[in-house]
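Student: For reference, this is target12.pdb, and it has PDB, C-alpha atoms, pLDDT in the B column.
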ATOM      1  CA  MET A 204       1.832 -20.849 -16.763  1.00 62.00           C
ATOM      2  CA  GLU A 205       5.053 -18.830 -16.496  1.00 78.00           C
ATOM      3  CA  PHE A 206       4.395 -15.107 -16.793  1.00 88.00           C
ATOM      4  CA  ILE A 207       6.896 -12.546 -18.057  1.00 89.00           C
ATOM      5  CA  GLU A 208       8.137 -10.044 -15.466  1.00 85.00           C
ATOM      6  CA  SER A 209       9.892  -6.760 -16.118  1.00 84.00           C
ATOM      7  CA  GLU A 210      10.962  -3.785 -14.022  1.00 76.00           C
ATOM      8  CA  ILE A 211      11.852  -1.505 -16.946  1.00 74.00           C
ATOM      9  CA  LEU A 212       8.821   0.767 -17.122  1.00 75.00           C
ATOM     10  CA  GLU A 213      10.569   2.893 -19.779  1.00 81.00           C
ATOM     11  CA  ASN A 214       9.796   0.052 -22.210  1.00 87.00           C
ATOM     12  CA  TYR A 215       6.072   0.636 -21.710  1.00 92.00           C
ATOM     13  CA  PRO A 216       5.431   4.371 -22.301  1.00 92.00           C
ATOM     14  CA  GLN A 217       1.731   3.699 -22.954  1.00 94.00           C
ATOM     15  CA  ILE A 218       1.129   2.953 -19.264  1.00 94.00           C
ATOM     16  CA  ARG A 219       3.348   5.526 -17.577  1.00 92.00           C
ATOM     17  CA  PHE A 220       0.310   7.675 -16.822  1.00 94.00           C
ATOM     18  CA  MET A 221      -0.902   4.948 -14.429  1.00 95.00           C
ATOM     19  CA  LYS A 222       2.047   5.444 -12.092  1.00 93.00           C
ATOM     20  CA  GLU A 223       0.436   8.305 -10.175  1.00 93.00           C
ATOM     21  CA  PHE A 224      -2.515   6.064  -9.309  1.00 96.00           C
ATOM     22  CA  LEU A 225      -0.167   3.629  -7.541  1.00 95.00           C
ATOM     23  CA  VAL A 226       1.365   6.217  -5.221  1.00 91.00           C
ATOM     24  CA  GLY A 227       0.538   6.136  -1.513  1.00 91.00           C
ATOM     25  CA  HIS A 228      -0.960   2.657  -1.269  1.00 95.00           C
ATOM     26  CA  PRO A 229      -0.149  -1.037  -2.047  1.00 94.00           C
ATOM     27  CA  GLY A 230      -2.852  -1.735  -4.661  1.00 96.00           C
ATOM     28  CA  PHE A 231      -1.966  -2.852  -8.185  1.00 98.00           C
ATOM     29  CA  ILE A 232      -3.663  -2.436 -11.569  1.00 98.00           C
ATOM     30  CA  ALA A 233      -4.636  -5.440 -13.693  1.00 97.00           C
ATOM     31  CA  GLY A 234      -6.958  -6.481 -16.488  1.00 95.00           C
ATOM     32  CA  GLY A 235      -8.443  -5.151 -19.691  1.00 93.00           C
ATOM     33  CA  CYS A 236      -7.257  -1.555 -19.299  1.00 96.00           C
ATOM     34  CA  PHE A 237      -3.863  -2.642 -20.654  1.00 97.00           C
ATOM     35  CA  LYS A 238      -5.495  -3.940 -23.824  1.00 95.00           C
ATOM     36  CA  SER A 239      -6.814  -0.442 -24.388  1.00 94.00           C
ATOM     37  CA  ALA A 240      -3.568   1.320 -23.432  1.00 96.00           C
ATOM     38  CA  PHE A 241      -1.392  -0.742 -25.762  1.00 96.00           C
ATOM     39  CA  SER A 242      -3.957  -0.344 -28.554  1.00 94.00           C
ATOM     40  CA  GLY A 243      -3.473   3.410 -28.501  1.00 93.00           C
ATOM     41  CA  GLU A 244      -6.538   4.250 -26.399  1.00 92.00           C
ATOM     42  CA  LYS A 245      -6.379   5.852 -22.982  1.00 89.00           C
ATOM     43  CA  PRO A 246      -8.454   3.733 -20.559  1.00 93.00           C
ATOM     44  CA  HIS A 247     -11.129   5.522 -18.585  1.00 89.00           C
ATOM     45  CA  ASP A 248     -11.423   2.723 -16.001  1.00 95.00           C
ATOM     46  CA  LEU A 249      -8.592   1.059 -14.105  1.00 97.00           C
ATOM     47  CA  ASP A 250      -9.261  -2.096 -12.087  1.00 97.00           C
ATOM     48  CA  MET A 251      -7.246  -2.190  -8.881  1.00 98.00           C
ATOM     49  CA  PHE A 252      -6.584  -5.374  -6.908  1.00 98.00           C
ATOM     50  CA  PHE A 253      -5.028  -6.206  -3.551  1.00 98.00           C
ATOM     51  CA  ARG A 254      -3.133  -8.981  -1.845  1.00 97.00           C
ATOM     52  CA  ASN A 255      -5.438  -8.997   1.185  1.00 97.00           C
ATOM     53  CA  MET A 256      -8.316  -7.143   2.831  1.00 97.00           C
ATOM     54  CA  GLU A 257      -5.965  -4.993   4.889  1.00 97.00           C
ATOM     55  CA  GLU A 258      -4.423  -3.580   1.693  1.00 97.00           C
ATOM     56  CA  TYR A 259      -7.888  -2.955   0.268  1.00 98.00           C
ATOM     57  CA  VAL A 260      -9.062  -1.066   3.362  1.00 97.00           C
ATOM     58  CA  GLY A 261      -5.887   1.019   3.482  1.00 96.00           C
ATOM     59  CA  THR A 262      -6.122   1.948  -0.193  1.00 97.00           C
ATOM     60  CA  VAL A 263      -9.796   2.933   0.008  1.00 97.00           C
ATOM     61  CA  ARG A 264      -8.915   5.078   3.013  1.00 97.00           C
ATOM     62  CA  TYR A 265      -6.119   6.711   1.000  1.00 97.00           C
ATOM     63  CA  PHE A 266      -8.484   7.732  -1.811  1.00 97.00           C
ATOM     64  CA  LYS A 267     -11.099   8.983   0.653  1.00 97.00           C
ATOM     65  CA  ASP A 268      -8.454  10.998   2.512  1.00 97.00           C
ATOM     66  CA  ASN A 269      -7.538  12.853  -0.686  1.00 96.00           C
ATOM     67  CA  PRO A 270     -10.801  14.576  -1.707  1.00 96.00           C
ATOM     68  CA  ASP A 271      -8.917  17.286  -3.583  1.00 96.00           C
ATOM     69  CA  GLU A 272      -7.710  14.651  -6.053  1.00 96.00           C
ATOM     70  CA  TYR A 273     -10.467  12.008  -6.000  1.00 97.00           C
ATOM     71  CA  ASP A 274     -14.249  11.957  -5.950  1.00 97.00           C
ATOM     72  CA  GLN A 275     -16.208   9.023  -4.572  1.00 96.00           C
ATOM     73  CA  GLY A 276     -17.749   6.932  -7.358  1.00 96.00           C
ATOM     74  CA  TYR A 277     -20.208   4.060  -7.355  1.00 94.00           C
ATOM     75  CA  GLN A 278     -19.874   1.065  -5.062  1.00 92.00           C
ATOM     76  CA  ASN A 279     -21.392  -2.393  -4.686  1.00 92.00           C
ATOM     77  CA  LYS A 280     -20.585  -5.546  -2.754  1.00 90.00           C
ATOM     78  CA  ASN A 281     -17.506  -6.251  -4.882  1.00 91.00           C
ATOM     79  CA  VAL A 282     -16.193  -2.848  -5.961  1.00 95.00           C
ATOM     80  CA  GLU A 283     -15.699   0.650  -4.581  1.00 97.00           C
ATOM     81  CA  SER A 284     -14.685   3.259  -7.126  1.00 97.00           C
ATOM     82  CA  PHE A 285     -13.064   6.681  -7.156  1.00 98.00           C
ATOM     83  CA  ILE A 286     -12.724   9.257  -9.930  1.00 98.00           C
ATOM     84  CA  HIS A 287      -9.484  11.139 -10.466  1.00 97.00           C
ATOM     85  CA  LYS A 288     -10.634  14.737 -10.820  1.00 96.00           C
ATOM     86  CA  LYS A 289      -7.840  15.935 -13.080  1.00 95.00           C
ATOM     87  CA  SER A 290      -8.020  13.160 -15.688  1.00 95.00           C
ATOM     88  CA  GLY A 291     -11.512  11.744 -15.206  1.00 96.00           C
ATOM     89  CA  VAL A 292     -10.057   8.234 -14.853  1.00 96.00           C
ATOM     90  CA  ARG A 293     -12.172   5.913 -12.703  1.00 97.00           C
ATOM     91  CA  ILE A 294     -10.330   3.591 -10.323  1.00 98.00           C
ATOM     92  CA  GLU A 295     -12.318   0.517  -9.323  1.00 97.00           C
ATOM     93  CA  CYS A 296     -11.041  -1.083  -6.117  1.00 98.00           C
ATOM     94  CA  VAL A 297     -11.972  -4.769  -6.167  1.00 96.00           C
ATOM     95  CA  LYS A 298     -12.677  -6.550  -2.878  1.00 94.00           C
ATOM     96  CA  LYS A 299     -14.109  -9.812  -4.171  1.00 90.00           C
ATOM     97  CA  VAL A 300     -10.761 -11.547  -4.688  1.00 93.00           C
ATOM     98  CA  PHE A 301      -7.281 -11.098  -3.265  1.00 97.00           C
ATOM     99  CA  GLY A 302      -3.833 -12.355  -4.197  1.00 97.00           C
ATOM    100  CA  GLU A 303      -0.470 -11.608  -5.744  1.00 96.00           C
ATOM    101  CA  PRO A 304      -0.519 -10.066  -9.249  1.00 96.00           C
ATOM    102  CA  GLU A 305       0.421 -13.380 -10.900  1.00 96.00           C
ATOM    103  CA  LYS A 306      -2.426 -15.199  -9.163  1.00 95.00           C
ATOM    104  CA  ILE A 307      -4.987 -12.551 -10.036  1.00 95.00           C
ATOM    105  CA  ILE A 308      -4.213 -12.395 -13.755  1.00 95.00           C
ATOM    106  CA  ALA A 309      -3.938 -16.193 -13.980  1.00 94.00           C
ATOM    107  CA  ASP A 310      -7.672 -16.390 -13.242  1.00 91.00           C
ATOM    108  CA  PHE A 311      -8.662 -13.933 -15.985  1.00 93.00           C
ATOM    109  CA  ASP A 312     -10.178 -15.561 -19.054  1.00 92.00           C
ATOM    110  CA  PHE A 313      -8.498 -13.983 -22.102  1.00 95.00           C
ATOM    111  CA  THR A 314      -4.730 -13.655 -22.604  1.00 96.00           C
ATOM    112  CA  ILE A 315      -5.165 -10.007 -23.671  1.00 96.00           C
ATOM    113  CA  THR A 316      -6.387  -9.217 -20.138  1.00 95.00           C
ATOM    114  CA  LYS A 317      -3.533 -10.982 -18.337  1.00 96.00           C
ATOM    115  CA  PHE A 318      -1.365  -7.979 -17.531  1.00 97.00           C
ATOM    116  CA  ALA A 319      -0.618  -6.262 -14.206  1.00 97.00           C
ATOM    117  CA  TYR A 320       1.390  -3.224 -13.094  1.00 97.00           C
ATOM    118  CA  TYR A 321       2.510  -2.812  -9.504  1.00 95.00           C
ATOM    119  CA  VAL A 322       5.119  -1.128  -7.326  1.00 91.00           C
ATOM    120  CA  GLU A 323       7.322  -3.364  -5.214  1.00 86.00           C
ATOM    121  CA  ALA A 324       8.566  -1.904  -1.928  1.00 77.00           C
ATOM    122  CA  GLU A 325      11.714  -3.340  -0.366  1.00 72.00           C
ATOM    123  CA  PRO A 326      13.564  -2.273   2.819  1.00 65.00           C
ATOM    124  CA  GLU A 327      17.049  -0.908   2.276  1.00 62.00           C
ATOM    125  CA  ASP A 328      19.127   0.206   5.273  1.00 65.00           C
ATOM    126  CA  GLU A 329      16.835   2.577   7.165  1.00 66.00           C
ATOM    127  CA  SER A 330      14.612   3.442   4.213  1.00 66.00           C
ATOM    128  CA  TRP A 331      12.627   1.783   1.428  1.00 70.00           C
ATOM    129  CA  THR A 332      13.232   1.377  -2.277  1.00 80.00           C
ATOM    130  CA  TYR A 333      10.330   1.301  -4.748  1.00 78.00           C
ATOM    131  CA  THR A 334      10.510  -0.534  -8.069  1.00 88.00           C
ATOM    132  CA  ASP A 335       7.931  -0.375 -10.848  1.00 91.00           C
ATOM    133  CA  ARG A 336       7.138  -3.850 -12.184  1.00 93.00           C
ATOM    134  CA  VAL A 337       4.863  -5.381 -14.789  1.00 95.00           C
ATOM    135  CA  VAL A 338       3.873  -9.012 -15.210  1.00 96.00           C
ATOM    136  CA  TYR A 339       1.987 -10.415 -18.186  1.00 96.00           C
ATOM    137  CA  HIS A 340       1.103 -13.467 -20.229  1.00 97.00           C
ATOM    138  CA  PRO A 341       3.869 -14.393 -22.712  1.00 96.00           C
ATOM    139  CA  ASP A 342       1.369 -14.169 -25.600  1.00 97.00           C
ATOM    140  CA  PHE A 343      -0.175 -10.883 -24.487  1.00 97.00           C
ATOM    141  CA  PHE A 344       1.377  -8.668 -27.165  1.00 97.00           C
ATOM    142  CA  GLU A 345       1.135 -11.232 -29.971  1.00 97.00           C
ATOM    143  CA  HIS A 346      -2.573 -11.824 -29.376  1.00 97.00           C
ATOM    144  CA  LEU A 347      -3.155  -8.089 -28.961  1.00 97.00           C
ATOM    145  CA  VAL A 348      -1.624  -7.323 -32.363  1.00 97.00           C
ATOM    146  CA  MET A 349      -3.437 -10.258 -33.987  1.00 97.00           C
ATOM    147  CA  LYS A 350      -6.697  -9.249 -32.253  1.00 96.00           C
ATOM    148  CA  ARG A 351      -7.208 -12.812 -31.064  1.00 96.00           C
ATOM    149  CA  LEU A 352      -9.332 -13.841 -28.109  1.00 96.00           C
ATOM    150  CA  VAL A 353      -7.573 -16.789 -26.523  1.00 96.00           C
ATOM    151  CA  VAL A 354      -8.495 -18.743 -23.399  1.00 94.00           C
ATOM    152  CA  ASP A 355      -5.324 -20.537 -22.358  1.00 88.00           C
ATOM    153  CA  ASP A 356      -6.534 -22.011 -19.073  1.00 80.00           C
ATOM    154  CA  LYS A 357      -9.628 -22.798 -17.068  1.00 79.00           C
ATOM    155  CA  LEU A 358     -12.890 -20.934 -17.466  1.00 84.00           C
ATOM    156  CA  LYS A 359     -14.350 -19.912 -14.116  1.00 82.00           C
ATOM    157  CA  TYR A 360     -17.492 -18.348 -15.621  1.00 84.00           C
ATOM    158  CA  PRO A 361     -18.001 -19.716 -19.148  1.00 88.00           C
ATOM    159  CA  VAL A 362     -21.392 -18.076 -19.692  1.00 86.00           C
ATOM    160  CA  SER A 363     -19.955 -14.682 -18.796  1.00 85.00           C
ATOM    161  CA  THR A 364     -16.939 -15.337 -21.023  1.00 90.00           C
ATOM    162  CA  LEU A 365     -19.219 -16.199 -23.931  1.00 89.00           C
ATOM    163  CA  HIS A 366     -21.121 -12.986 -23.344  1.00 86.00           C
ATOM    164  CA  ARG A 367     -17.856 -11.011 -23.247  1.00 88.00           C
ATOM    165  CA  THR A 368     -16.725 -12.382 -26.599  1.00 92.00           C
ATOM    166  CA  TYR A 369     -19.490 -10.340 -28.219  1.00 91.00           C
ATOM    167  CA  LYS A 370     -18.210  -7.192 -26.518  1.00 89.00           C
ATOM    168  CA  TYR A 371     -14.664  -7.790 -27.727  1.00 92.00           C
ATOM    169  CA  ALA A 372     -15.937  -8.582 -31.221  1.00 93.00           C
ATOM    170  CA  ARG A 373     -17.089  -4.958 -31.445  1.00 92.00           C
ATOM    171  CA  TYR A 374     -13.426  -3.966 -31.093  1.00 91.00           C
ATOM    172  CA  GLY A 375     -12.309  -6.449 -33.733  1.00 94.00           C
ATOM    173  CA  PHE A 376     -11.121  -9.214 -31.360  1.00 95.00           C
ATOM    174  CA  LEU A 377     -12.316 -12.667 -32.383  1.00 95.00           C
ATOM    175  CA  PRO A 378     -11.966 -16.017 -30.570  1.00 95.00           C
ATOM    176  CA  CYS A 379      -9.613 -18.583 -32.044  1.00 93.00           C
ATOM    177  CA  ARG A 380     -10.844 -22.108 -32.873  1.00 94.00           C
ATOM    178  CA  GLU A 381      -9.375 -23.619 -29.703  1.00 94.00           C
ATOM    179  CA  THR A 382     -11.121 -21.021 -27.561  1.00 94.00           C
ATOM    180  CA  LYS A 383     -14.443 -21.693 -29.263  1.00 94.00           C
ATOM    181  CA  MET A 384     -14.061 -25.409 -28.494  1.00 94.00           C
ATOM    182  CA  LYS A 385     -13.145 -24.726 -24.866  1.00 93.00           C
ATOM    183  CA  LEU A 386     -16.210 -22.545 -24.483  1.00 92.00           C
ATOM    184  CA  ILE A 387     -18.470 -25.168 -26.024  1.00 91.00           C
ATOM    185  CA  ARG A 388     -17.105 -27.903 -23.762  1.00 92.00           C
ATOM    186  CA  ALA A 389     -17.323 -25.702 -20.658  1.00 90.00           C
ATOM    187  CA  LEU A 390     -20.926 -24.747 -21.432  1.00 89.00           C
ATOM    188  CA  ARG A 391     -21.875 -28.386 -22.015  1.00 88.00           C
ATOM    189  CA  GLU A 392     -20.560 -29.287 -18.568  1.00 88.00           C
ATOM    190  CA  LEU A 393     -22.825 -26.793 -16.814  1.00 85.00           C
ATOM    191  CA  PRO A 394     -25.790 -28.497 -15.130  1.00 83.00           C
ATOM    192  CA  GLU A 395     -28.017 -25.499 -15.830  1.00 75.00           C
ATOM    193  CA  VAL A 396     -27.714 -22.061 -17.397  1.00 67.00           C
ATOM    194  CA  LYS A 397     -29.684 -19.170 -15.936  1.00 65.00           C
ATOM    195  CA  ASP A 398     -30.109 -15.572 -17.051  1.00 61.00           C
ATOM    196  CA  GLU A 399     -28.081 -14.304 -14.089  1.00 61.00           C
ATOM    197  CA  ASP A 400     -25.095 -16.371 -15.245  1.00 54.00           C
ATOM    198  CA  LEU A 401     -24.534 -13.736 -17.919  1.00 52.00           C
ATOM    199  CA  GLN A 402     -23.704 -11.267 -15.153  1.00 57.00           C
ATOM    200  CA  LYS A 403     -21.327 -13.522 -13.248  1.00 54.00           C
ATOM    201  CA  SER A 404     -17.670 -12.760 -13.603  1.00 53.00           C
ATOM    202  CA  PHE A 405     -14.416 -12.868 -11.726  1.00 50.00           C
ATOM    203  CA  TYR A 406     -15.546  -9.567 -10.244  1.00 48.00           C
ATOM    204  CA  GLU A 407     -18.222  -7.028 -11.086  1.00 45.00           C
ATOM    205  CA  GLY A 408     -16.836  -4.404 -13.417  1.00 41.00           C
ATOM    206  CA  MET A 409     -14.563  -6.636 -15.504  1.00 43.00           C
ATOM    207  CA  ASP A 410     -14.070  -5.018 -18.895  1.00 45.00           C
TER     208      ASP A 410
END
Can you dump the structure from the file as structure tokens?
Tutor:
Amino acid sequence: MEFIESEILENYPQIRFMKEFLVGHPGFIAGGCFKSAFSGEKPHDLDMFFRNMEEYVGTVRYFKDNPDEYDQGYQNKNVESFIHKKSGVRIECVKKVFGEPEKIIADFDFTITKFAYYVEAEPEDESWTYTDRVVYHPDFFEHLVMKRLVVDDKLKYPVSTLHRTYKYARYGFLPCRETKMKLIRALRELPEVKDEDLQKSFYEGMD
């Protein structure tokens, strides 16, 4: 899958408020929060990912070292969260998976969650230049407007995805016929389905 990349943040005024949460560390934001932002709702939770464990550790340290701006939130084996005091936005730092933005969003289930915003740092002479970039599925905006739930690739956790379709249905997003068939086939291939499979996901906290 070829994702669309853009460095013109002015074209995306709905997500400009996220920029301050990307200052001072190398983490990037990805996932369902962009569905909310581009639907006219301000997300209360932002999922932050990292290219490696070193970036994760450095970013968590950054939030902890700024107690005037951030409060410590909940944490579990996959996520450590922080709450921005001024806005109330919760930032969930994910440590279950690592990779470049394109790799991370490629593993998400629905096309309307395949969107990431990051800052690219590049050396220039004796300093650095910083460029805001977004990367997203080519059908992201079309499916968002049509309120379609579309699985365009593999399903890592089909039981969890099935469970999540009910959540999205409450917001008016419905699975297309092809997605329904993919879910049925993926569920049939499972050797056994257990109650805890409903809680499995790419990471805990996926919205």
Student: Suppose you want the space between CA of Phe237 in chain A and CA of Phe318 in chain A; what is it in Å?
Tutor: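 Between CA of Phe237 in chain A and CA of Phe318 in chain A the gap works out to 6.7 Å.
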Student: Tell me which of A:Gly276, A:Gly235, A:Pro361, A:Pro216 sits closest to Ile294 in chain A, counting all atoms listed in the file.
Tutor: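 Ranking A:Gly276, A:Gly235, A:Pro361, A:Pro216 by distance to Ile294 in chain A, first place goes to A:Gly276.
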Student: Taking every listed atom of range 210-221 of chain A and adding 6 Å to each side, what centre and edge lengths in Å (one decimal) does the axis-aligned box have, as JSON?
Tutor:
{"center_x": 5.5, "center_y": 1.9, "center_z": -18.5, "size_x": 24.8, "size_y": 23.5, "size_z": 20.9}
Student: How many Å separate CA of Tyr360 in chain A from CA of Leu377 in chain A?
Tutor: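 Computing it gives 18.4 Å between the two atoms.
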Student: I want to know what sits within 8 Å of Val292 in chain A, based on all atoms listed in the file, with residues of the same chain fewer than 4 positions away left out; could you give that as a list of chain:residue names?
Tutor: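 Surrounding residues, per the criterion: A:Pro246, A:His247, A:Asp248, A:Leu249, A:Ile286, A:His287, A:Lys288.
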Student: Here is a test: counting all atoms listed in the file, which residue of A:Asp274, A:Glu258, A:Glu295, A:Glu305 is nearest to Ala319 in chain A?
Tutor: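 The closest residue to Ala319 in chain A is A:Glu305.
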Student: Care to translate the PyMOL selection byres ((chain A and resi 323) around 9) into actual residues of this file, as a PyMOL selection string?
Tutor: chain A and resi 229+321-322+324-325+332-336
Student: Enter the distance from CA of Arg351 in chain A to CA of Gly243 in chain A, in Å, rounded to one decimal.
Tutor: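 Taking CA of Arg351 in chain A as the start and CA of Gly243 in chain A as the end point, the length is 16.8 Å.
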Student: Could you pull the residues within 8 Å of Val300 in chain A, counting only C-alpha atoms, minus those fewer than 3 positions along the same chain, as a list of chain:residue names?
Tutor: A:Phe252, A:Phe253, A:Val297, A:Ile307, A:Tyr406
Student: Using all atoms listed in the file, which of the listed residues (A:Ser209, A:Gln278, A:Ser242, A:Ser284) sits closest to Phe376 in chain A?
Tutor: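 Using all atoms listed in the file, Phe376 in chain A sits closest to A:Ser242.
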Student: Where does the PyMOL selection byres ((chain A and resi 228) around 12) land in this file, that is, which residues does it pick, as a VMD selection string?
Tutor: chain A and resid 222 to 227 229 to 232 251 to 254 257 to 266 268 296 321 to 324 333
Student: With all atoms listed in the file as the counted atoms, please give the residues lying no more than 10 Å from Thr382 in chain A, apart from itself and same-chain residues fewer than 3 positions off, as an NGL selection string.
Tutor: :A and (313 or 351-356 or 377-379 or 385-388)
Student: What would the file look like if the residues just selected were written as a PDB file, keeping the file's coordinate frame with C-alpha atoms?
Tutor:
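Listing of result09.pdb after writing:
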ATOM      1  CA  PHE A 313      -8.498 -13.983 -22.102  1.00 95.00           C
ATOM      2  CA  ARG A 351      -7.208 -12.812 -31.064  1.00 96.00           C
ATOM      3  CA  LEU A 352      -9.332 -13.841 -28.109  1.00 96.00           C
ATOM      4  CA  VAL A 353      -7.573 -16.789 -26.523  1.00 96.00           C
ATOM      5  CA  VAL A 354      -8.495 -18.743 -23.399  1.00 94.00           C
ATOM      6  CA  ASP A 355      -5.324 -20.537 -22.358  1.00 88.00           C
ATOM      7  CA  ASP A 356      -6.534 -22.011 -19.073  1.00 80.00           C
ATOM      8  CA  LEU A 377     -12.316 -12.667 -32.383  1.00 95.00           C
ATOM      9  CA  PRO A 378     -11.966 -16.017 -30.570  1.00 95.00           C
ATOM     10  CA  CYS A 379      -9.613 -18.583 -32.044  1.00 93.00           C
ATOM     11  CA  LYS A 385     -13.145 -24.726 -24.866  1.00 93.00           C
ATOM     12  CA  LEU A 386     -16.210 -22.545 -24.483  1.00 92.00           C
ATOM     13  CA  ILE A 387     -18.470 -25.168 -26.024  1.00 91.00           C
ATOM     14  CA  ARG A 388     -17.105 -27.903 -23.762  1.00 92.00           C
TER      15      ARG A 388
END
Student: What's the 9 Å shell around Ile308 in chain A, counting all atoms listed in the file, without same-chain residues fewer than 3 positions away, as a PDB file with C-alpha atoms, in the coordinates of the input?
Tutor:
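out00.pdb written:
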ATOM      1  CA  ALA A 233      -4.636  -5.440 -13.693  1.00 97.00           C
ATOM      2  CA  GLY A 234      -6.958  -6.481 -16.488  1.00 95.00           C
ATOM      3  CA  GLU A 303      -0.470 -11.608  -5.744  1.00 96.00           C
ATOM      4  CA  PRO A 304      -0.519 -10.066  -9.249  1.00 96.00           C
ATOM      5  CA  GLU A 305       0.421 -13.380 -10.900  1.00 96.00           C
ATOM      6  CA  PHE A 311      -8.662 -13.933 -15.985  1.00 93.00           C
ATOM      7  CA  ASP A 312     -10.178 -15.561 -19.054  1.00 92.00           C
ATOM      8  CA  THR A 314      -4.730 -13.655 -22.604  1.00 96.00           C
ATOM      9  CA  THR A 316      -6.387  -9.217 -20.138  1.00 95.00           C
ATOM     10  CA  LYS A 317      -3.533 -10.982 -18.337  1.00 96.00           C
ATOM     11  CA  PHE A 318      -1.365  -7.979 -17.531  1.00 97.00           C
ATOM     12  CA  ALA A 319      -0.618  -6.262 -14.206  1.00 97.00           C
ATOM     13  CA  VAL A 338       3.873  -9.012 -15.210  1.00 96.00           C
ATOM     14  CA  TYR A 339       1.987 -10.415 -18.186  1.00 96.00           C
ATOM     15  CA  HIS A 340       1.103 -13.467 -20.229  1.00 97.00           C
TER      16      HIS A 340
END
